[in-house]
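Below is one structure, written out as structure tokens; comments come after it.
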Amino acid sequence: MAAAYNHIDKKVKKILKKAENSEEITKDEALELLKVTGNEFFALQNTANNLCFQKKNNVVTFVINRNINFTNICYQGCRFCSFSVPNKEKDAFLLSIEEIHDKTVQAYHSGCTEICIQGGINPDLNFEYYLDILSIVKEVNRNLHIHAFSPQEIFYMAKLHGTSIEETLKELKKAGLDSVPGTAAEILVDKVRKIICPKKISTAQWINIIKTAHNLDIPTTSTIMYGHIEDLIDRVEHLHILREIQKQTSGFTEFVPLPFVNENPILSKLPNFPLRLHYGMGDLKLFCVARLFFNNYIDNIQCSWVKLGPKMAQVSLNYGVNDFSGTLMEENISKSAGADYGEYLSPQEITSIIKTAGKKPAQRDTLYKILKFY
Ligand code: SF4
């Protein structure tokens, strides 16, 4: 062990040593690491950075993609969300299939390899609309990877379609769905979900949809939305659930920590809302702990530059993160919630951010195949 580990707490040192030897760390050990400060914090950073270096050879990847949010009309009433509006609201929108086509053509001509599609749970939609979205994107180019529809949307579609989750996913796959965002996970602890998103699918339903997708060879990402009312034990429980799924299915391509953006959502304005104030050290510790906790299970840890901002996202690249996410071109959800970023970072800006963090930039596809080194 290097000098970074001298004079640190023995318990922490033992956990870091375990991780360095590629041994699985337990939930209690992850919790211990989420609490470190001072020298122990820098030792944690050192271990996460070393593990990331060994796994990824100092390469940080990104994908050239476009987000299409096709509707912001939604009645789920998640209390952290300020993207959704009722359909009578003046800002309410629902894109036509032609508009989705035009956005896809523009994305294709800009070099995108992935179209990421998500929207609100809009009661005016039918299942055919979702199938038409997939068909129109593939009509533009068959090789465009469609990364679309959260588990919450898939749950809604199964209701619209009147069949099981499995049958619904089969239909979507047949129409062109290539992979699914592991969003709507928020925190996979029902007591927290009941407060922040009471109408959303439960933890068990989320797990079932994700596992069903994996069993049908539809890969998904995995996410956590943290930094609101949850405590560190909830965060660890969430990580544990994801690791257990991955042990069974190997279907997760990456893990994306998404910090809660708290400027506009109703949640942060409620007088009795027990918001746990959260700053940069909490982000960095979570990235490091994810690198250690998921080691050999989920080896792609992604930063969300939209939520963190490009500066903090760059810092994260030395804290166990090996993926800078995508160019996006359009991102309405975080922007509505008060994030200052969103919309677009060019490949040139992303590669410059990665290079000046001391890493080697590479463009990847959605499934982490390297397409180009810079
Ligand atoms: S988070 Fe999604 S499901 Fe919840 S209110 Fe917002 S758009 Fe609707």
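Here, A, B, ... name the chains of the structure tokens in the order displayed, residue numbers run from 1 inside each chain, and ligands are numbered from 1 in the same displayed order.
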
Spatial neighbours of Pro198 (chain A), max dist 10 Å, only C-alpha atoms, sep filter under 5 positions, as a PyMOL selection string: chain A and resi 76-79+190-193

Dump C-alpha atoms for the selected residues as a PDB file, in the first residue's frame?
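Final output, again.pdb:
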ATOM      1  CA  GLN A  76     -47.370  11.030 -11.687  1.00  0.00           C
ATOM      2  CA  GLY A  77     -46.668  13.972  -9.398  1.00  0.00           C
ATOM      3  CA  CYS A  78     -43.150  13.000  -8.313  1.00  0.00           C
ATOM      4  CA  ARG A  79     -42.290  15.625  -5.725  1.00  0.00           C
ATOM      5  CA  ASP A 190     -39.848   2.058  -0.491  1.00  0.00           C
ATOM      6  CA  LYS A 191     -40.064   4.273   2.599  1.00  0.00           C
ATOM      7  CA  VAL A 192     -38.163   6.966   0.658  1.00  0.00           C
ATOM      8  CA  ARG A 193     -40.109   6.365  -2.578  1.00  0.00           C
TER       9      ARG A 193
END

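For ligand 1, the protein and nucleic acid residues at most 9 Å away, judged by only C-alpha atoms and all ligand atoms, amount to Thr71, Asn72, Ile73, Cys74, Tyr75, Gln76, Gly77, Cys78, Arg79, Phe80, Cys81, Ser82, Phe83, Ser84, Val85, Gln118, Gly119, Gly120, Ile121, Asn122, Ser150, Gln152, Glu153, Ala184, Cys197, Lys199, Lys200 and Ile333 of chain A.
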
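Within 9 Å of Asp132 (chain A), once only C-alpha atoms are used and residues closer than 5 positions along the same chain are dropped, the contacting residues are Ile97, Phe127, Val137 and Ala175 of chain A.
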
Find, counting only C-alpha atoms, the residue in A:Ile354, A:Thr327, A:Gly176, A:Asn322 that gets nearest to Asn57 (chain A).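 For Asn57 (chain A), the nearest of the given residues is A:Asn322.
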
Could you pull out the alpha helix (DSSP H) residues of region 114-341 of chain A from DSSP and send them as number ranges by chain? A: 127-140, 151-161, 165-175, 190-196, 203-215, 232-249, 280-293, 305-308, 310-316, 333-336

For Leu31 (chain A): contacts at 8 Å, only C-alpha atoms, fewer than 5 positions along chain excluded, given as an NGL selection string: :A and (232-233 or 236)

Generate the output file for the selected residues, C-alpha atoms, as an mmCIF file, in the first residue's frame.
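Okay, result.cif is ready:
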data_model
loop_
_atom_site.group_PDB
_atom_site.id
_atom_site.type_symbol
_atom_site.label_atom_id
_atom_site.label_comp_id
_atom_site.auth_asym_id
_atom_site.auth_seq_id
_atom_site.Cartn_x
_atom_site.Cartn_y
_atom_site.Cartn_z
ATOM 1 C CA LEU A 232 -26.360 6.929 3.801
ATOM 2 C CA ILE A 233 -27.898 3.574 4.776
ATOM 3 C CA VAL A 236 -25.916 1.619 0.449
#

Check the DSSP output for the backbone and give back, as a list in words, the residues of region 34-128 of chain A in strand (DSSP E).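 Restricting region 34-128 of chain A to strand (DSSP E) produces Val59, Val60, Thr61, Phe62, Val63, Asn65, Arg66, Asn67, Ile68, Asn69, Glu114, Ile115, Cys116, Ile117 and Gln118 of chain A.
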
Could the residues in this selection be written to a file with N, CA and C atoms, as a PDB file, in the first residue's frame?
ATOM      1  N   VAL A  59      -8.368   5.495 -19.647  1.00  0.00           N
ATOM      2  CA  VAL A  59      -9.239   5.982 -20.730  1.00  0.00           C
ATOM      3  C   VAL A  59     -10.575   6.446 -20.134  1.00  0.00           C
ATOM      4  N   VAL A  60     -11.034   7.607 -20.568  1.00  0.00           N
ATOM      5  CA  VAL A  60     -12.375   8.082 -20.202  1.00  0.00           C
ATOM      6  C   VAL A  60     -13.190   8.191 -21.487  1.00  0.00           C
ATOM      7  N   THR A  61     -14.327   7.537 -21.483  1.00  0.00           N
ATOM      8  CA  THR A  61     -15.142   7.457 -22.700  1.00  0.00           C
ATOM      9  C   THR A  61     -16.302   8.452 -22.675  1.00  0.00           C
ATOM     10  N   PHE A  62     -16.883   8.648 -23.844  1.00  0.00           N
ATOM     11  CA  PHE A  62     -18.128   9.417 -23.961  1.00  0.00           C
ATOM     12  C   PHE A  62     -18.849   8.934 -25.212  1.00  0.00           C
ATOM     13  N   VAL A  63     -20.140   9.238 -25.282  1.00  0.00           N
ATOM     14  CA  VAL A  63     -20.938   8.802 -26.433  1.00  0.00           C
ATOM     15  C   VAL A  63     -21.497  10.048 -27.130  1.00  0.00           C
ATOM     16  N   ASN A  65     -24.502  11.424 -28.597  1.00  0.00           N
ATOM     17  CA  ASN A  65     -25.918  11.053 -28.573  1.00  0.00           C
ATOM     18  C   ASN A  65     -26.810  12.284 -28.564  1.00  0.00           C
ATOM     19  N   ARG A  66     -28.086  12.027 -28.752  1.00  0.00           N
ATOM     20  CA  ARG A  66     -29.078  13.100 -28.651  1.00  0.00           C
ATOM     21  C   ARG A  66     -30.213  12.624 -27.755  1.00  0.00           C
ATOM     22  N   ASN A  67     -30.610  13.481 -26.845  1.00  0.00           N
ATOM     23  CA  ASN A  67     -31.787  13.214 -26.026  1.00  0.00           C
ATOM     24  C   ASN A  67     -33.017  13.722 -26.745  1.00  0.00           C
ATOM     25  N   ILE A  68     -34.076  12.947 -26.740  1.00  0.00           N
ATOM     26  CA  ILE A  68     -35.360  13.483 -27.205  1.00  0.00           C
ATOM     27  C   ILE A  68     -36.379  13.256 -26.084  1.00  0.00           C
ATOM     28  N   ASN A  69     -36.813  14.331 -25.471  1.00  0.00           N
ATOM     29  CA  ASN A  69     -37.889  14.248 -24.474  1.00  0.00           C
ATOM     30  C   ASN A  69     -39.171  14.540 -25.247  1.00  0.00           C
ATOM     31  N   GLU A 114     -26.335   7.262 -30.892  1.00  0.00           N
ATOM     32  CA  GLU A 114     -27.406   6.859 -29.968  1.00  0.00           C
ATOM     33  C   GLU A 114     -28.479   7.935 -29.886  1.00  0.00           C
ATOM     34  N   ILE A 115     -29.730   7.486 -29.855  1.00  0.00           N
ATOM     35  CA  ILE A 115     -30.845   8.397 -29.583  1.00  0.00           C
ATOM     36  C   ILE A 115     -31.445   7.943 -28.252  1.00  0.00           C
ATOM     37  N   CYS A 116     -31.460   8.867 -27.299  1.00  0.00           N
ATOM     38  CA  CYS A 116     -31.970   8.538 -25.961  1.00  0.00           C
ATOM     39  C   CYS A 116     -33.353   9.187 -25.824  1.00  0.00           C
ATOM     40  N   ILE A 117     -34.358   8.378 -25.575  1.00  0.00           N
ATOM     41  CA  ILE A 117     -35.741   8.877 -25.630  1.00  0.00           C
ATOM     42  C   ILE A 117     -36.479   8.576 -24.318  1.00  0.00           C
ATOM     43  N   GLN A 118     -36.975   9.628 -23.692  1.00  0.00           N
ATOM     44  CA  GLN A 118     -37.792   9.450 -22.489  1.00  0.00           C
ATOM     45  C   GLN A 118     -38.829  10.565 -22.436  1.00  0.00           C
TER      46      GLN A 118
END

Which distance in Å separates CA of Glu254 (chain A) and CA of Thr104 (chain A), to one decimal? 24.3 Å

Region 170-233 of chain A residues near region 297-303 of chain A within 12 Å, closest pair each, using only C-alpha atoms, as CSV:
residue,atom,partner,partner_atom,distance
A:Thr220,CA,A:Ile298,CA,11.6
A:Thr221,CA,A:Asn300,CA,9.8
A:Ser222,CA,A:Ile298,CA,9.3
A:Thr223,CA,A:Gln302,CA,9.4
A:Ile224,CA,A:Gln302,CA,11.3

Residues at most 7 Å from region 278-287 of chain A, counting only C-alpha atoms, excluding those fewer than 5 positions away in the same chain, as JSON, numbers by chain? {"A": [34, 227, 316, 319, 320, 321]}

May I ask which of the residues A:Pro219, A:Gly182, A:Pro361, A:Pro259 is the closest one to Leu242 (chain A), counting only C-alpha atoms? A:Gly182

Counting only C-alpha atoms, what is within 7 Å of region 2-19 of chain A, bar same-chain residues fewer than 6 positions away, as a compact mmCIF listing (two decimals) with N, CA and C atoms, in the first residue's frame?
# COMPACT_ATOMS: atom_id res chain seq x y z
N ILE A 25 -16.54 -5.77 -1.13
CA ILE A 25 -16.76 -5.09 0.16
C ILE A 25 -18.24 -5.19 0.54
N GLU A 29 -19.21 -2.04 5.19
CA GLU A 29 -17.93 -1.43 4.80
C GLU A 29 -18.15 -0.24 3.86
N ASN A 39 -7.63 12.40 5.90
CA ASN A 39 -6.68 11.48 5.24
C ASN A 39 -7.38 10.24 4.70
N GLU A 40 -8.41 9.80 5.42
CA GLU A 40 -9.14 8.61 4.98
C GLU A 40 -9.85 8.89 3.64
N ALA A 43 -7.28 8.64 0.97
CA ALA A 43 -6.91 7.23 0.76
C ALA A 43 -8.00 6.54 -0.06
N LEU A 44 -9.26 6.88 0.22
CA LEU A 44 -10.38 6.32 -0.56
C LEU A 44 -10.25 6.76 -2.02
N THR A 47 -7.53 4.76 -3.76
CA THR A 47 -7.93 3.39 -4.09
C THR A 47 -8.88 3.38 -5.30
N LEU A 292 -15.54 0.97 -5.85
CA LEU A 292 -15.09 -0.16 -5.02
C LEU A 292 -16.18 -1.21 -4.86

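Take CA of Thr113 (chain A) and CA of Thr366 (chain A): the distance between them is 7.8 Å.
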
Determine, counting only C-alpha atoms, which protein, DNA and RNA residues have an atom within 9 Å of an atom of Leu134 (chain A); residues of the same chain fewer than 4 positions away are not included. Present the result as a VMD selection string. chain A and resid 129 to 130 138 to 139 146 148 172 175 to 177

Go ahead and compute the interatomic distance for CA of His238 (chain A) and CA of Phe70 (chain A), in Å to one decimal.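 Straight-line distance from CA of His238 (chain A) to CA of Phe70 (chain A) works out to 28.8 Å.
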
Nearest to Phe149 (chain A), chosen from A:Ile229, A:Leu95, A:Ile209, A:Cys52, with only C-alpha atoms counted in the distances: A:Ile209
